[in-house]
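Just my_file-v5.cif here, mmCIF, C-alpha atoms:
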```
data_run
#
loop_
_atom_site.group_PDB
_atom_site.id
_atom_site.type_symbol
_atom_site.label_atom_id
_atom_site.label_comp_id
_atom_site.auth_asym_id
_atom_site.auth_seq_id
_atom_site.Cartn_x
_atom_site.Cartn_y
_atom_site.Cartn_z
ATOM 1 C CA MET A 41 -7.740 -20.111 8.781
ATOM 2 C CA ILE A 42 -5.310 -18.075 6.667
ATOM 3 C CA LEU A 43 -1.852 -19.414 5.978
ATOM 4 C CA TYR A 44 0.783 -16.724 5.659
ATOM 5 C CA GLY A 45 4.277 -18.061 5.265
ATOM 6 C CA ARG A 46 4.836 -20.510 8.082
ATOM 7 C CA ASN A 47 2.305 -18.856 10.361
ATOM 8 C CA GLU A 48 -1.400 -19.538 10.615
ATOM 9 C CA ILE A 49 -3.580 -16.505 11.006
ATOM 10 C CA SER A 50 -7.212 -16.842 11.937
ATOM 11 C CA HIS A 51 -9.972 -14.304 12.459
ATOM 12 C CA SER A 52 -9.758 -14.929 16.209
ATOM 13 C CA ASN A 53 -5.996 -14.228 16.175
ATOM 14 C CA LEU A 54 -6.631 -10.905 14.468
ATOM 15 C CA THR A 55 -9.509 -10.107 16.791
ATOM 16 C CA GLU A 56 -7.238 -10.705 19.752
ATOM 17 C CA PHE A 57 -4.394 -8.689 18.219
ATOM 18 C CA VAL A 58 -6.452 -5.648 17.174
ATOM 19 C CA ASP A 59 -7.163 -4.010 20.485
ATOM 20 C CA ASP A 60 -8.073 -0.358 21.076
ATOM 21 C CA TYR A 61 -4.482 0.796 20.645
ATOM 22 C CA VAL A 62 -3.927 -1.085 17.367
ATOM 23 C CA TRP A 63 -7.043 0.032 15.502
ATOM 24 C CA ARG A 64 -6.574 3.616 16.626
ATOM 25 C CA GLU A 65 -2.931 3.560 15.529
ATOM 26 C CA ILE A 66 -3.857 2.139 12.111
ATOM 27 C CA LEU A 67 -6.550 4.822 11.682
ATOM 28 C CA ARG A 68 -4.328 7.519 13.231
ATOM 29 C CA LEU A 69 -4.437 9.915 10.246
ATOM 30 C CA PRO A 70 -8.181 9.620 9.546
ATOM 31 C CA LEU A 71 -8.863 10.125 13.260
ATOM 32 C CA LEU A 72 -6.996 13.454 13.380
ATOM 33 C CA GLY A 73 -10.187 15.313 12.438
ATOM 34 C CA VAL A 74 -12.339 13.444 14.962
ATOM 35 C CA VAL A 75 -13.621 14.758 18.280
ATOM 36 C CA LYS A 76 -12.094 11.926 20.295
ATOM 37 C CA MET A 77 -14.069 12.529 23.487
ATOM 38 C CA GLU A 78 -17.357 12.051 21.632
ATOM 39 C CA LEU A 79 -16.045 9.052 19.687
ATOM 40 C CA ASN A 80 -14.869 7.356 22.887
ATOM 41 C CA LYS A 81 -18.367 7.677 24.392
ATOM 42 C CA ASP A 82 -19.851 5.600 21.554
ATOM 43 C CA SER A 83 -18.694 2.028 22.137
ATOM 44 C CA ALA A 84 -20.703 0.694 19.163
ATOM 45 C CA MET A 85 -18.967 3.077 16.783
ATOM 46 C CA CYS A 86 -15.555 2.180 18.216
ATOM 47 C CA GLU A 87 -16.343 -1.514 17.790
ATOM 48 C CA ASN A 88 -17.408 -0.952 14.165
ATOM 49 C CA LEU A 89 -14.134 0.838 13.434
ATOM 50 C CA ARG A 90 -12.231 -1.998 15.098
ATOM 51 C CA ARG A 91 -14.090 -4.591 12.980
ATOM 52 C CA PHE A 92 -13.287 -2.517 9.877
ATOM 53 C CA VAL A 93 -9.578 -2.673 10.703
ATOM 54 C CA ILE A 94 -9.723 -6.420 11.402
ATOM 55 C CA LYS A 95 -11.448 -7.095 8.052
ATOM 56 C CA GLY A 96 -8.968 -4.829 6.273
ATOM 57 C CA LEU A 97 -6.025 -6.706 7.780
ATOM 58 C CA GLU A 98 -7.596 -10.027 6.777
ATOM 59 C CA LYS A 99 -7.990 -8.835 3.181
ATOM 60 C CA TRP A 100 -4.421 -7.540 3.120
ATOM 61 C CA ILE A 101 -2.952 -10.780 4.523
ATOM 62 C CA ILE A 102 -4.877 -12.948 2.066
ATOM 63 C CA ALA A 103 -3.881 -10.761 -0.899
ATOM 64 C CA SER A 104 -0.223 -10.678 0.210
ATOM 65 C CA ALA A 105 -0.143 -14.448 0.630
ATOM 66 C CA ASN A 106 -1.490 -14.815 -2.926
ATOM 67 C CA GLY A 107 0.833 -12.179 -4.406
ATOM 68 C CA LYS A 108 -2.039 -9.798 -5.156
ATOM 69 C CA ASP A 109 -2.926 -6.209 -4.362
ATOM 70 C CA ALA A 110 -5.592 -5.764 -1.677
ATOM 71 C CA LYS A 111 -6.682 -2.202 -2.513
ATOM 72 C CA SER A 112 -9.862 -3.141 -4.380
ATOM 73 C CA ASP A 113 -10.867 -5.676 -1.707
ATOM 74 C CA ILE A 114 -10.250 -3.173 1.076
ATOM 75 C CA LYS A 115 -12.161 -0.435 -0.773
ATOM 76 C CA LYS A 116 -15.231 -2.702 -0.699
ATOM 77 C CA LEU A 117 -15.115 -2.469 3.101
ATOM 78 C CA ASP A 118 -16.156 1.199 2.916
ATOM 79 C CA THR A 119 -19.744 0.054 3.386
ATOM 80 C CA MET A 120 -18.838 -0.850 6.987
ATOM 81 C CA THR A 121 -18.100 2.785 7.830
ATOM 82 C CA LEU A 122 -20.295 4.834 5.481
ATOM 83 C CA ASP A 123 -23.235 5.183 7.824
ATOM 84 C CA LEU A 124 -21.235 5.886 10.974
ATOM 85 C CA LEU A 125 -21.920 9.371 12.294
ATOM 86 C CA ILE A 126 -18.344 10.016 13.341
ATOM 87 C CA PRO A 127 -18.070 13.257 15.320
ATOM 88 C CA THR A 128 -15.655 15.478 13.385
ATOM 89 C CA LYS A 129 -14.249 18.868 14.121
ATOM 90 C CA TYR A 130 -16.212 21.584 12.306
ATOM 91 C CA SER A 131 -18.829 18.980 11.199
ATOM 92 C CA ILE A 132 -16.819 18.167 8.072
ATOM 93 C CA THR A 133 -18.672 14.930 7.360
ATOM 94 C CA SER A 134 -22.064 16.602 7.450
ATOM 95 C CA ARG A 135 -20.992 18.669 4.432
ATOM 96 C CA LEU A 136 -19.497 15.842 2.353
ATOM 97 C CA ALA A 137 -21.606 13.563 0.178
ATOM 98 C CA VAL A 138 -19.368 10.575 0.897
ATOM 99 C CA ARG A 139 -21.650 7.992 -0.695
ATOM 100 C CA GLN A 140 -21.795 9.985 -3.929
ATOM 101 C CA LEU A 141 -18.030 10.481 -3.974
ATOM 102 C CA LEU A 142 -17.452 6.730 -3.610
ATOM 103 C CA LEU A 143 -19.709 5.995 -6.576
ATOM 104 C CA CYS A 144 -17.391 7.990 -8.879
#
```
Rendering of file as structure tokens:
Amino acid sequence: MILYGRNEISHSNLTEFVDDYVWREILRLPLLGVVKMELNKDSAMCENLRRFVIKGLEKWIIASANGKDAKSDIKKLDTMTLDLLIPTKYSITSRLAVRQLLLC
């Protein structure tokens, strides 16, 4: 259970709140280069992206409640999405060495 101000926020609250619309809206800019029809066919990939958003929101809420910056904690969540074969326009991800870039 996370206390934020006068409200209690739990993982189940966030899971309930982050539906298909919410996670897609949060990832709106990164999803601009995605072939949405192919992404929508892969329910496991969509669920992984949704879990990524839920974990990111949790990290942000905890950091905000403690007066800290959540960027480094959220960056650690990259491992949740690194191995996803997200269908992009022009196969952009197949040409990028994302793992190597993140090690820099």
Min atom-atom distance to Pro70 (chain A) from the set A:Ser83, A:Thr55, A:Ile102, A:Leu89, counting only C-alpha atoms, belongs to A:Leu89
Neighbours of point (-6.5, -7.9, 5.2) within 12 Å, using all atoms listed in the file, written as a ChimeraX atom specification = /A:42,44,49-51,54,91-106,108-117
Tell me which residues the PyMOL selection byres ((chain A and resi 75) around 8) grabs here, as a PDB file with C-alpha atoms, in the coordinates of the input.
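Output below, filename result14.pdb:
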```pdb
ATOM      1  CA  GLY A  73     -10.187  15.313  12.438  1.00  0.00           C
ATOM      2  CA  VAL A  74     -12.339  13.444  14.962  1.00  0.00           C
ATOM      3  CA  LYS A  76     -12.094  11.926  20.295  1.00  0.00           C
ATOM      4  CA  MET A  77     -14.069  12.529  23.487  1.00  0.00           C
ATOM      5  CA  GLU A  78     -17.357  12.051  21.632  1.00  0.00           C
ATOM      6  CA  LEU A  79     -16.045   9.052  19.687  1.00  0.00           C
ATOM      7  CA  PRO A 127     -18.070  13.257  15.320  1.00  0.00           C
ATOM      8  CA  THR A 128     -15.655  15.478  13.385  1.00  0.00           C
ATOM      9  CA  LYS A 129     -14.249  18.868  14.121  1.00  0.00           C
TER      10      LYS A 129
END
```
Report task. Could you check how far CA of Thr119 (chain A) sits from CA of Gly107 (chain A), in Å to one decimal? Result ->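 It comes out at 25.2 Å.
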- What is the distance, in Å and to one decimal place, between CA of Asn53 (chain A) and CA of Met85 (chain A)?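 Computed distance, CA of Asn53 (chain A) to CA of Met85 (chain A), equals 21.6 Å.
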Students should find that CA of Thr121 (chain A) and CA of Asn88 (chain A) are spaced 7.4 Å
